[in-house]
Structure formats: C-alpha cells, structure tokens
>>> print(open('work_15.csv').read())   # CSV, C-alpha atoms
chain,number,residue,atom,x,y,z
C,18,MET,CA,-17.8,-13.5,17.9
C,19,PRO,CA,-16.8,-12.3,14.4
C,20,LEU,CA,-20.0,-10.5,13.3
C,21,PHE,CA,-21.7,-9.2,16.5
C,22,ARG,CA,-20.8,-8.6,20.1
C,23,ARG,CA,-22.9,-9.7,23.0
C,24,HIS,CA,-24.0,-6.2,23.9
C,25,GLU,CA,-25.2,-5.6,20.4
C,26,LEU,CA,-27.3,-8.7,20.5
C,27,ASP,CA,-28.7,-7.5,23.9
C,28,ALA,CA,-29.5,-4.1,22.3
C,29,ALA,CA,-31.4,-5.9,19.5
C,30,VAL,CA,-33.4,-7.8,22.2
C,31,GLN,CA,-34.3,-4.5,23.9
C,32,ALA,CA,-35.4,-3.0,20.6
C,33,GLY,CA,-37.7,-6.0,20.0
C,34,ILE,CA,-35.8,-7.2,16.9
C,35,LEU,CA,-34.8,-10.5,18.5
C,36,THR,CA,-36.1,-12.5,21.4
C,37,ALA,CA,-33.7,-13.4,24.3
C,38,ASP,CA,-33.8,-17.0,23.2
C,39,GLN,CA,-32.9,-16.1,19.6
C,40,ALA,CA,-30.0,-13.9,20.8
C,41,ASP,CA,-28.6,-16.7,23.0
C,42,ARG,CA,-28.8,-19.2,20.1
C,43,LEU,CA,-27.2,-16.8,17.6
C,44,ALA,CA,-24.4,-16.1,20.1
C,45,ASP,CA,-23.8,-19.8,20.6
C,46,PHE,CA,-23.8,-20.5,16.9
C,47,MET,CA,-21.2,-17.8,16.1
C,48,ASP,CA,-19.0,-18.7,19.1
C,49,ALA,CA,-18.9,-22.3,17.9
C,50,GLY,CA,-18.0,-21.3,14.4
C,51,GLU,CA,-20.3,-23.8,12.8
C,52,THR,CA,-19.8,-22.4,9.3
C,53,PRO,CA,-16.5,-22.0,7.4
C,54,SER,CA,-17.3,-18.4,6.6
C,55,LEU,CA,-17.4,-17.5,10.3
C,56,ARG,CA,-14.6,-19.8,11.4
C,57,ASP,CA,-12.2,-18.6,8.7
C,58,ARG,CA,-12.9,-14.9,9.1
C,59,PRO,CA,-9.6,-13.2,10.2
C,60,ARG,CA,-9.8,-11.6,13.7
C,61,PHE,CA,-7.3,-9.6,15.7
C,62,THR,CA,-6.6,-12.0,18.5
C,63,LEU,CA,-3.4,-13.1,20.3
C,64,VAL,CA,-3.4,-16.4,18.4
C,65,ASN,CA,-3.7,-14.8,15.0
C,66,VAL,CA,-1.0,-12.3,15.9
C,67,LEU,CA,1.3,-15.2,16.8
C,68,TYR,CA,0.4,-16.9,13.5
C,69,TYR,CA,1.1,-13.9,11.3
C,70,LEU,CA,4.2,-12.8,13.3
C,71,GLY,CA,5.8,-16.2,13.0
C,72,GLY,CA,4.7,-16.6,9.4
C,73,LEU,CA,6.1,-13.2,8.4
C,74,ILE,CA,9.4,-14.0,10.1
C,75,ALA,CA,9.7,-17.3,8.2
C,76,LEU,CA,8.8,-15.6,4.9
C,77,GLY,CA,11.2,-12.8,5.5
C,78,ALA,CA,14.0,-15.2,6.3
C,79,MET,CA,13.6,-16.8,2.9
C,80,SER,CA,13.2,-13.5,1.0
C,81,LEU,CA,14.2,-10.0,2.2
C,82,PHE,CA,16.6,-11.2,4.9
C,83,MET,CA,18.3,-13.8,2.8
C,84,THR,CA,22.1,-13.5,3.1
C,85,LEU,CA,24.8,-14.1,0.6
C,86,GLY,CA,25.7,-17.2,2.6
C,87,TRP,CA,22.8,-19.0,0.9
C,88,ASN,CA,25.0,-19.1,-2.3
C,89,ALA,CA,27.4,-21.3,-0.4
C,90,LEU,CA,24.9,-24.2,-1.1
C,91,GLY,CA,25.6,-23.8,-4.8
C,92,GLY,CA,23.0,-23.4,-7.5
C,93,TRP,CA,21.6,-26.9,-7.4
C,94,GLY,CA,22.0,-27.2,-3.7
C,95,GLY,CA,20.0,-24.0,-3.2
C,96,CYS,CA,17.4,-25.2,-5.7
C,97,LEU,CA,16.9,-28.6,-4.0
C,98,THR,CA,16.8,-26.9,-0.5
C,99,ALA,CA,14.1,-24.5,-1.6
C,100,ILE,CA,12.1,-27.5,-3.1
C,101,PHE,CA,12.4,-29.3,0.2
C,102,TYR,CA,11.2,-26.3,2.1
C,103,ALA,CA,8.2,-26.0,-0.3
C,104,MET,CA,7.3,-29.6,0.2
C,105,ALA,CA,7.5,-29.3,4.0
C,106,ALA,CA,5.3,-26.2,3.9
C,107,LEU,CA,2.7,-28.0,1.7
C,108,GLY,CA,2.7,-30.9,4.2
C,109,LEU,CA,2.0,-28.4,7.0
C,110,THR,CA,-0.7,-26.8,4.9
C,111,HIS,CA,-2.5,-30.1,4.6
C,112,LYS,CA,-2.1,-30.9,8.3
C,113,PHE,CA,-3.5,-27.5,9.4
C,114,LEU,CA,-6.4,-27.7,7.0
C,115,ASP,CA,-7.3,-31.2,8.3
C,116,ASN,CA,-7.5,-29.6,11.7
C,117,ALA,CA,-9.6,-26.7,10.4
C,118,LEU,CA,-6.8,-24.1,11.0
C,119,ALA,CA,-7.3,-21.9,8.0
C,120,VAL,CA,-5.0,-19.0,9.1
C,121,PRO,CA,-1.8,-21.1,9.6
C,122,ALA,CA,-2.6,-23.1,6.6
C,123,GLY,CA,-2.7,-20.0,4.5
C,124,ILE,CA,0.7,-18.9,5.9
C,125,MET,CA,2.3,-22.2,5.1
C,126,ALA,CA,0.9,-22.2,1.6
C,127,ASN,CA,2.4,-18.7,1.2
C,128,LEU,CA,5.8,-20.1,2.4
C,129,ALA,CA,5.5,-22.8,-0.3
C,130,VAL,CA,4.9,-20.2,-3.0
C,131,ALA,CA,7.8,-18.1,-1.7
C,132,MET,CA,10.2,-21.0,-2.3
C,133,VAL,CA,9.4,-21.1,-6.1
C,134,PRO,CA,11.4,-18.0,-7.1
C,135,LEU,CA,14.2,-19.1,-4.8
C,136,ALA,CA,14.3,-22.6,-6.4
C,137,ILE,CA,14.3,-21.0,-9.9
C,138,PHE,CA,17.1,-18.6,-8.9
C,139,GLY,CA,19.2,-21.6,-7.7
C,140,ALA,CA,18.6,-23.4,-11.0
C,141,GLN,CA,19.5,-20.3,-13.0
C,142,MET,CA,22.7,-19.9,-11.0
C,143,ALA,CA,23.7,-23.5,-11.6
C,144,LEU,CA,23.2,-22.9,-15.3
C,145,GLY,CA,25.4,-19.7,-15.2
C,146,TYR,CA,22.5,-17.3,-15.5
C,147,TRP,CA,23.5,-15.4,-12.3
C,148,SER,CA,26.9,-14.9,-10.8
C,149,GLU,CA,27.7,-16.4,-7.4
C,150,ASP,CA,28.1,-13.0,-5.8
C,151,ARG,CA,24.5,-12.0,-6.6
C,152,PRO,CA,22.4,-12.4,-3.5
C,153,TYR,CA,18.8,-13.6,-3.9
C,154,ARG,CA,17.4,-10.8,-1.8
C,155,ASP,CA,18.1,-8.4,-4.7
C,156,TYR,CA,15.0,-9.9,-6.3
C,157,HIS,CA,12.9,-8.0,-3.7
C,158,VAL,CA,15.0,-4.8,-3.9
C,159,PHE,CA,16.2,-4.0,-7.4
C,160,VAL,CA,14.3,-3.7,-10.8
C,161,ASP,CA,15.7,-6.1,-13.4
C,162,TRP,CA,14.0,-7.6,-16.4
C,163,ARG,CA,15.8,-10.9,-15.8
C,164,TRP,CA,13.6,-11.6,-12.8
C,165,LEU,CA,10.6,-12.2,-15.1
C,166,LEU,CA,11.1,-15.9,-15.4
C,167,MET,CA,11.1,-16.2,-11.6
C,168,GLU,CA,7.9,-14.1,-11.4
C,169,LEU,CA,6.1,-16.2,-14.1
C,170,GLY,CA,7.0,-19.4,-12.2
C,171,THR,CA,5.7,-17.8,-8.9
C,172,LEU,CA,2.4,-16.8,-10.6
C,173,ALA,CA,1.9,-20.3,-12.0
C,174,ALA,CA,2.6,-22.0,-8.6
C,175,GLY,CA,0.5,-19.4,-6.7
C,176,ALA,CA,-2.5,-19.8,-9.0
C,177,LEU,CA,-2.3,-23.6,-8.8
C,178,LEU,CA,-2.3,-23.5,-5.0
C,179,LEU,CA,-5.1,-20.9,-4.9
C,180,TRP,CA,-7.2,-23.2,-7.1
C,181,ARG,CA,-6.4,-26.2,-4.9
C,182,TYR,CA,-6.8,-24.7,-1.5
C,183,ARG,CA,-9.1,-21.6,-1.9
C,184,LEU,CA,-7.2,-19.7,0.8
C,185,PRO,CA,-7.5,-15.9,0.4
C,186,PHE,CA,-4.0,-15.2,1.9
C,187,LEU,CA,-2.6,-16.9,-1.2
C,188,MET,CA,-3.6,-13.7,-3.1
C,189,LEU,CA,-0.7,-11.9,-1.3
C,190,PRO,CA,2.2,-13.6,-3.2
C,191,LEU,CA,0.2,-13.4,-6.5
C,192,THR,CA,-0.5,-9.7,-6.2
C,193,LEU,CA,3.0,-8.9,-4.9
C,194,THR,CA,4.5,-10.7,-7.8
C,195,LEU,CA,2.3,-8.9,-10.3
C,196,TRP,CA,3.4,-5.6,-8.7
C,197,TYR,CA,7.1,-6.7,-9.1
C,198,MET,CA,6.4,-7.7,-12.7
C,199,SER,CA,4.9,-4.2,-13.5
C,200,MET,CA,8.3,-2.7,-12.5
C,201,ASP,CA,10.5,-5.3,-14.1
C,202,MET,CA,8.6,-5.1,-17.4
C,203,VAL,CA,9.9,-1.6,-18.0
C,204,PRO,CA,13.5,-2.4,-18.8
C,205,PHE,CA,12.2,-5.5,-20.7
C,206,LEU,CA,10.1,-3.3,-22.9
C,207,ASN,CA,12.7,-0.6,-23.2
C,208,ASP,CA,15.8,-2.6,-24.4
C,209,GLY,CA,17.2,-2.9,-20.9
C,210,GLU,CA,16.8,0.8,-20.0
C,211,ASN,CA,15.0,1.6,-16.8
C,212,SER,CA,13.1,4.7,-18.0
C,213,TRP,CA,11.5,6.6,-15.1
C,214,GLU,CA,8.8,8.2,-17.3
C,215,LEU,CA,7.9,4.8,-18.7
C,216,ARG,CA,7.8,3.3,-15.2
C,217,LYS,CA,5.2,5.9,-14.1
C,218,LEU,CA,2.9,5.0,-17.0
C,219,VAL,CA,3.3,1.3,-16.6
C,220,SER,CA,2.6,1.6,-12.9
C,221,LEU,CA,-0.5,3.7,-13.5
C,222,TRP,CA,-2.1,1.4,-16.1
C,223,PHE,CA,-1.0,-1.8,-14.4
C,224,GLY,CA,-2.5,-0.6,-11.1
C,225,LEU,CA,-5.7,0.4,-12.8
C,226,ALA,CA,-5.9,-3.1,-14.5
C,227,MET,CA,-5.3,-4.8,-11.1
C,228,THR,CA,-7.9,-2.7,-9.4
C,229,ALA,CA,-10.4,-3.5,-12.2
C,230,LEU,CA,-9.6,-7.2,-11.7
C,231,ALA,CA,-10.2,-6.8,-7.9
C,232,PHE,CA,-13.6,-5.3,-8.6
C,233,TRP,CA,-14.5,-8.2,-10.9
C,234,VAL,CA,-13.4,-10.7,-8.2
C,235,ASP,CA,-15.5,-8.7,-5.7
C,236,LEU,CA,-18.5,-8.9,-7.9
C,237,ARG,CA,-18.3,-12.6,-8.3
C,238,ALA,CA,-17.6,-13.3,-4.7
C,239,ARG,CA,-20.4,-15.1,-2.9
C,240,ARG,CA,-18.6,-16.0,0.3
C,241,ALA,CA,-17.3,-14.3,3.4
C,242,ARG,CA,-13.7,-15.0,2.3
C,243,ASP,CA,-12.1,-11.8,0.8
C,244,PHE,CA,-10.1,-12.8,-2.3
C,245,ALA,CA,-10.0,-9.2,-3.6
C,246,PHE,CA,-8.3,-7.5,-0.6
C,247,TRP,CA,-4.7,-7.9,-1.8
C,248,LEU,CA,-5.6,-7.1,-5.4
C,249,TYR,CA,-7.2,-3.8,-4.2
C,250,LEU,CA,-4.2,-3.0,-2.0
C,251,PHE,CA,-1.4,-3.4,-4.6
C,252,GLY,CA,-3.6,-2.2,-7.4
C,253,VAL,CA,-4.3,1.1,-5.7
C,254,ILE,CA,-0.7,1.5,-4.6
C,255,ALA,CA,0.6,1.0,-8.1
C,256,PHE,CA,-2.1,3.3,-9.7
C,257,TRP,CA,-1.9,6.1,-7.1
C,258,GLY,CA,1.9,6.0,-7.1
C,259,GLY,CA,2.1,6.2,-10.9
C,260,LEU,CA,-0.6,9.0,-10.9
C,261,SER,CA,1.1,11.0,-8.2
C,262,SER,CA,4.5,10.9,-9.8
C,263,LEU,CA,3.3,12.2,-13.1
C,264,ASN,CA,4.7,15.7,-13.7
C,265,THR,CA,2.5,18.4,-15.1
C,266,ASP,CA,2.8,22.2,-15.1
C,267,SER,CA,-0.8,22.6,-15.9
C,268,GLU,CA,-3.2,23.7,-13.1
C,269,LEU,CA,-6.0,21.9,-15.0
C,270,GLY,CA,-4.0,18.7,-14.8
C,271,LYS,CA,-3.4,19.2,-11.0
C,272,LEU,CA,-7.2,19.9,-10.6
C,273,VAL,CA,-8.0,16.6,-12.4
C,274,TYR,CA,-5.5,14.9,-10.0
C,275,GLY,CA,-7.4,16.3,-7.0
C,276,LEU,CA,-10.8,15.3,-8.4
C,277,ILE,CA,-9.5,11.7,-9.1
C,278,ASN,CA,-8.5,11.5,-5.4
C,279,VAL,CA,-11.9,12.8,-4.3
C,280,ALA,CA,-13.5,10.1,-6.5
C,281,MET,CA,-11.2,7.5,-4.8
C,282,VAL,CA,-12.4,8.5,-1.3
C,283,LEU,CA,-16.1,8.3,-2.4
C,284,LEU,CA,-15.5,4.9,-4.2
C,285,GLY,CA,-13.8,3.6,-1.0
C,286,ALA,CA,-16.9,4.5,1.0
C,287,VAL,CA,-19.3,2.9,-1.5
C,288,LEU,CA,-17.3,-0.4,-1.8
C,289,GLY,CA,-16.2,-0.4,1.9
C,290,ARG,CA,-12.5,-0.5,0.9
C,291,ARG,CA,-10.4,1.7,3.1
C,292,VAL,CA,-7.4,1.6,0.8
C,293,PHE,CA,-9.1,3.9,-1.6
C,294,ALA,CA,-10.0,6.4,1.2
C,295,VAL,CA,-6.4,6.3,2.6
C,296,PHE,CA,-4.6,7.1,-0.6
C,297,GLY,CA,-7.3,9.4,-1.9
C,298,GLY,CA,-7.1,11.4,1.3
C,299,LEU,CA,-3.3,11.6,0.9
C,300,GLY,CA,-3.8,12.9,-2.7
C,301,ILE,CA,-6.4,15.5,-1.6
C,302,ALA,CA,-4.0,16.7,1.1
C,303,GLY,CA,-1.2,17.0,-1.4
C,304,TYR,CA,-3.3,18.9,-3.9
C,305,LEU,CA,-4.6,21.3,-1.2
C,306,GLY,CA,-1.0,21.8,-0.1
C,307,HIS,CA,-0.1,22.7,-3.7
C,308,LEU,CA,-2.9,25.3,-3.7
C,309,SER,CA,-1.8,26.7,-0.4
C,310,TYR,CA,1.9,26.9,-1.0
C,311,ARG,CA,2.0,27.7,-4.8
C,312,VAL,CA,-1.2,29.1,-6.2
C,313,PHE,CA,-2.7,31.0,-3.3
C,314,ARG,CA,0.3,31.5,-1.1
C,315,ASP,CA,-0.3,35.3,-0.8
C,316,SER,CA,-4.1,35.1,-0.6
C,317,LEU,CA,-5.9,36.1,2.6
C,318,LEU,CA,-9.2,34.7,1.5
C,319,PHE,CA,-7.9,31.1,0.6
C,320,PRO,CA,-8.0,29.8,4.2
C,321,PHE,CA,-11.5,31.1,4.7
C,322,ALA,CA,-12.8,29.8,1.4
C,323,LEU,CA,-11.2,26.4,2.1
C,324,SER,CA,-12.8,26.2,5.5
C,325,LEU,CA,-16.2,27.0,4.0
C,326,VAL,CA,-15.7,24.2,1.5
C,327,GLY,CA,-14.9,21.8,4.4
C,328,LEU,CA,-18.0,22.9,6.3
C,329,GLY,CA,-20.1,22.5,3.2
C,330,ILE,CA,-19.0,19.0,2.9
C,331,VAL,CA,-19.8,18.3,6.5
C,332,TRP,CA,-23.3,19.8,5.9
C,333,LEU,CA,-23.7,17.5,2.9
C,334,GLY,CA,-22.9,14.6,5.3
C,335,VAL,CA,-25.6,15.8,7.6
C,336,LEU,CA,-28.2,16.0,4.8
C,337,TRP,CA,-27.2,12.5,3.6
C,338,GLN,CA,-27.7,11.1,7.1
C,339,ARG,CA,-31.1,12.7,7.5
C,340,HIS,CA,-32.3,11.3,4.1
C,341,GLU,CA,-30.0,8.3,3.8
C,342,ARG,CA,-32.7,5.7,3.3
C,343,GLU,CA,-34.5,7.6,0.5
C,344,LEU,CA,-31.4,8.7,-1.3
C,345,ALA,CA,-29.7,5.3,-1.0
C,346,GLY,CA,-32.8,3.5,-2.2
C,347,SER,CA,-33.1,5.8,-5.2
C,348,LEU,CA,-29.4,5.4,-6.1
C,349,ARG,CA,-29.4,1.6,-5.6
C,350,ALA,CA,-32.4,1.2,-7.9
C,351,CYS,CA,-30.2,2.5,-10.7
C,352,LEU,CA,-27.4,-0.1,-10.1
C,353,PRO,CA,-27.1,-3.6,-11.6
C,354,GLN,CA,-28.1,-6.5,-9.4
C,355,SER,CA,-24.5,-7.8,-8.9
C,356,LEU,CA,-23.3,-4.3,-7.8
C,357,ARG,CA,-26.2,-4.0,-5.3
C,358,GLU,CA,-25.3,-7.4,-3.8
C,359,LEU,CA,-21.6,-6.3,-3.6
C,360,ILE,CA,-22.6,-3.1,-1.7
C,361,ASP,CA,-24.9,-5.1,0.6
C,362,ARG,CA,-22.0,-7.4,1.5
C,363,ARG,CA,-19.5,-4.6,2.1
>>> encode(input="work_15.csv", output="structure tokens")
Amino acid sequence: MPLFRRHELDAAVQAGILTADQADRLADFMDAGETPSLRDRPRFTLVNVLYYLGGLIALGAMSLFMTLGWNALGGWGGCLTAIFYAMAALGLTHKFLDNALAVPAGIMANLAVAMVPLAIFGAQMALGYWSEDRPYRDYHVFVDWRWLLMELGTLAAGALLLWRYRLPFLMLPLTLTLWYMSMDMVPFLNDGENSWELRKLVSLWFGLAMTALAFWVDLRARRARDFAFWLYLFGVIAFWGGLSSLNTDSELGKLVYGLINVAMVLLGAVLGRRVFAVFGGLGIAGYLGHLSYRVFRDSLLFPFALSLVGLGIVWLGVLWQRHERELAGSLRACLPQSLRELIDRR
C-alpha cells in the first residue's frame, strides 16, 4: 500500500472522515495498483531490493569494476560488444514494460545508457585516441577533458531513452554524466590544467544551475513519478561541495556560508527534499565547529549562548505548530499557483 497503511485508514474511519466501506474500497484500489502512479512508485520491498542490487552489480561490472582485460577485445571488439549489451538491455526494457514492471525496466534502460561511453571509448581506442594500457574505469575515477565526447554521447542517448520511455530512473545516468562533465570541463577551459580553484567555482555554479533545473522540473511535474530527485541530489552535492571548499579568511564570509546552509535546511523542509536538509545540516555543524574551535575557543559564555539559540529555535517550532494553519495559509497566499501546487504534492 504505497500511500496509506491499513491502520491509518482505520483511524480515518474512527474519526468519521471515511466510512468503513470507503476505507475497504480504497485499500483494495491501492493494493491492486490500478493506476500507473501507484504501481510505479518505488517501495522498499524485498523484490525491489533484489532488482536494484542486481542492477547495480551489472552497472558496476561495466563501469567502476571494469578490468584492463576488457582491452583484450581490441577497440572495435569492445565497441561492438558494448553495442550488443546495449541492444540486449533495450530488449529487456521493452519486455519488462510489456509486463508492467517499471523498476527492472528502468534498471535495464540505465544499463543501455551505461554502454554508450564504453562503446565510444572502444571506437576511440580503435582510432588511436587512447592507448591500449588505459583502462575504461579511469573514466569514472580521473578528471580528463578528453572524456567530454563520451559524456556528450551519453547525454544524447540518455535524453533519447528518457523521452521514449519516461522512466525516472533514467535521470541517474544523465545527472551523473552532467556532474562528471562539470569536473572535466575545468581542464578543457584552462588549456589542460586542472586548476583546483577553478574547479571549486565551476562545481558551485554548475550545481546551482542543476538545482535550478531540478526545481523547474519539479514545478512542471504533474505525476507521481519523481523526475527531479537525481537532479536535486547531484546538484546539491556539486553546489555544496564547491561552496564548502571555498577558502575565505573573512568571518563575514563564513557567516554567509552558515546562513546559506540554514536556508538550505529551510528550503528542504518547504520542498520536501531531504538532500537540502542533510547537506545544510552538515554545513551548519561545520560552521558551529569553526566558531567553537577558532572564534570562541576560550569563551565561557559561548556554550550557554549557543544552547539558548537552540532552545529558541525549538520554541519557534512550538509556535509554528500551534499556529501552523494560519501561518501556512498566509504564506501560501503570497506564492504563485505553480509553487503552491508543488508544495501540496511534496
């Protein structure tokens, strides 16, 4: 039962919200999965664990765990083998979709996309672009601007399959490739030099752009399928990683960093996206650690003042809970219709 559990429906019956007959019919409807939105919603079950475990092992075998022995196939041999794997994965994708198995279909579509950079790598090796002692798994480990052609091919294939199948899990290879590209662009823009300072700025702005794209996708979404999840995840990682690695000796700059992380926590609560709260919480802890160990390390009053701030925040939570309906209604009235609908869905 993806949305409600039986005891929650029983509680609604006791509260007079539903009749017993309505609760039974609603439970039967959701158990049967009569709509795609309910049937396709990911759930933590043994079957889905087996799906994802097997899928991740297969994906890892063709990416992170690829050995140098693959090069023994030769450039064109490796390229054709990757194409064969991709076609087989697409065949399984169609078969699973025909049987209304969206989760394994998404995993197989991901496997097909994962074969694209491997096929391009093989073709490039055959053309002398890569040496035969360069393992493919370096693509997932080292920053190199020469990976860009493989990344562009992966984005094109992933976008095509996403348009064709509308499977949210296909956002994973797309966003992962965009994240790779944000790192590989640095030496491309800097004449082959991998500048650490430039990497920070590119990561920050690239992550911010990806997060904005995720928000746009979220606003346009009208289905239960979550196409924005992976964009949010990698966007926030790239943005927060770049922001946290920026060096500043200014206490004002560090204060701004702390406030940005507070804003991320609040934004995560509003949008219902835990990734903002997780990384925002890490940033707040880091800033408070800086205050404790650097700025106020000899202060007796700092622990007491900080505890009062924490208690004040708890008290704000109590006040919000007491007047949540009035406050939320007033704030929501100031928001655009599309944003109100997004908050309702989340």
>>> closest_residue(input="work_15.csv", among="C:Tyr304, C:Ser199, C:Gly86, C:Pro204", to="C:Gly252", atoms="all atoms listed in the file")
C:Ser199
>>> residues_around(input="work_15.csv", residues="C:His157", least_positions_apart="2", cutoff="12 Å", atoms="only C-alpha atoms", output="count of residues only")
26
>>> residues_around(input="work_15.csv", residues="C:Ser261", least_positions_apart="6", cutoff="9 Å", atoms="all atoms listed in the file", output="list in words")
Lys217, Tyr274 and Gly300 of chain C
>>> write_last_selection(input="work_15.csv", atoms="C-alpha atoms", output="mmCIF file, in the frame of the given file")
data_model
loop_
_atom_site.group_PDB
_atom_site.id
_atom_site.type_symbol
_atom_site.label_atom_id
_atom_site.label_comp_id
_atom_site.auth_asym_id
_atom_site.auth_seq_id
_atom_site.Cartn_x
_atom_site.Cartn_y
_atom_site.Cartn_z
ATOM 1 C CA LYS C 217 5.200 5.900 -14.100
ATOM 2 C CA TYR C 274 -5.500 14.900 -10.000
ATOM 3 C CA GLY C 300 -3.800 12.900 -2.700
#
>>> closest_residue(input="work_15.csv", among="C:Val234, C:Leu215, C:Leu144, C:Leu206", to="C:Met188", atoms="only C-alpha atoms")
C:Val234
>>> closest_residue(input="work_15.csv", among="C:Val130, C:Leu333, C:Ala32, C:Leu318", to="C:Leu177", atoms="all atoms listed in the file")
C:Val130
>>> atom_distance(input="work_15.csv", atom1="atom CA of C:Ser324", atom2="atom CA of C:Leu305")
11.7 Å
>>> closest_residue(input="work_15.csv", among="C:Ile137, C:Ala119, C:Leu308, C:Leu76", to="C:Gly94", atoms="all atoms listed in the file")
C:Ile137
>>> residues_around(input="work_15.csv", residues="C:Ala140", least_positions_apart="3", cutoff="6 Å", atoms="only C-alpha atoms", output="number ranges by chain")
C: 92-93, 96, 137, 143
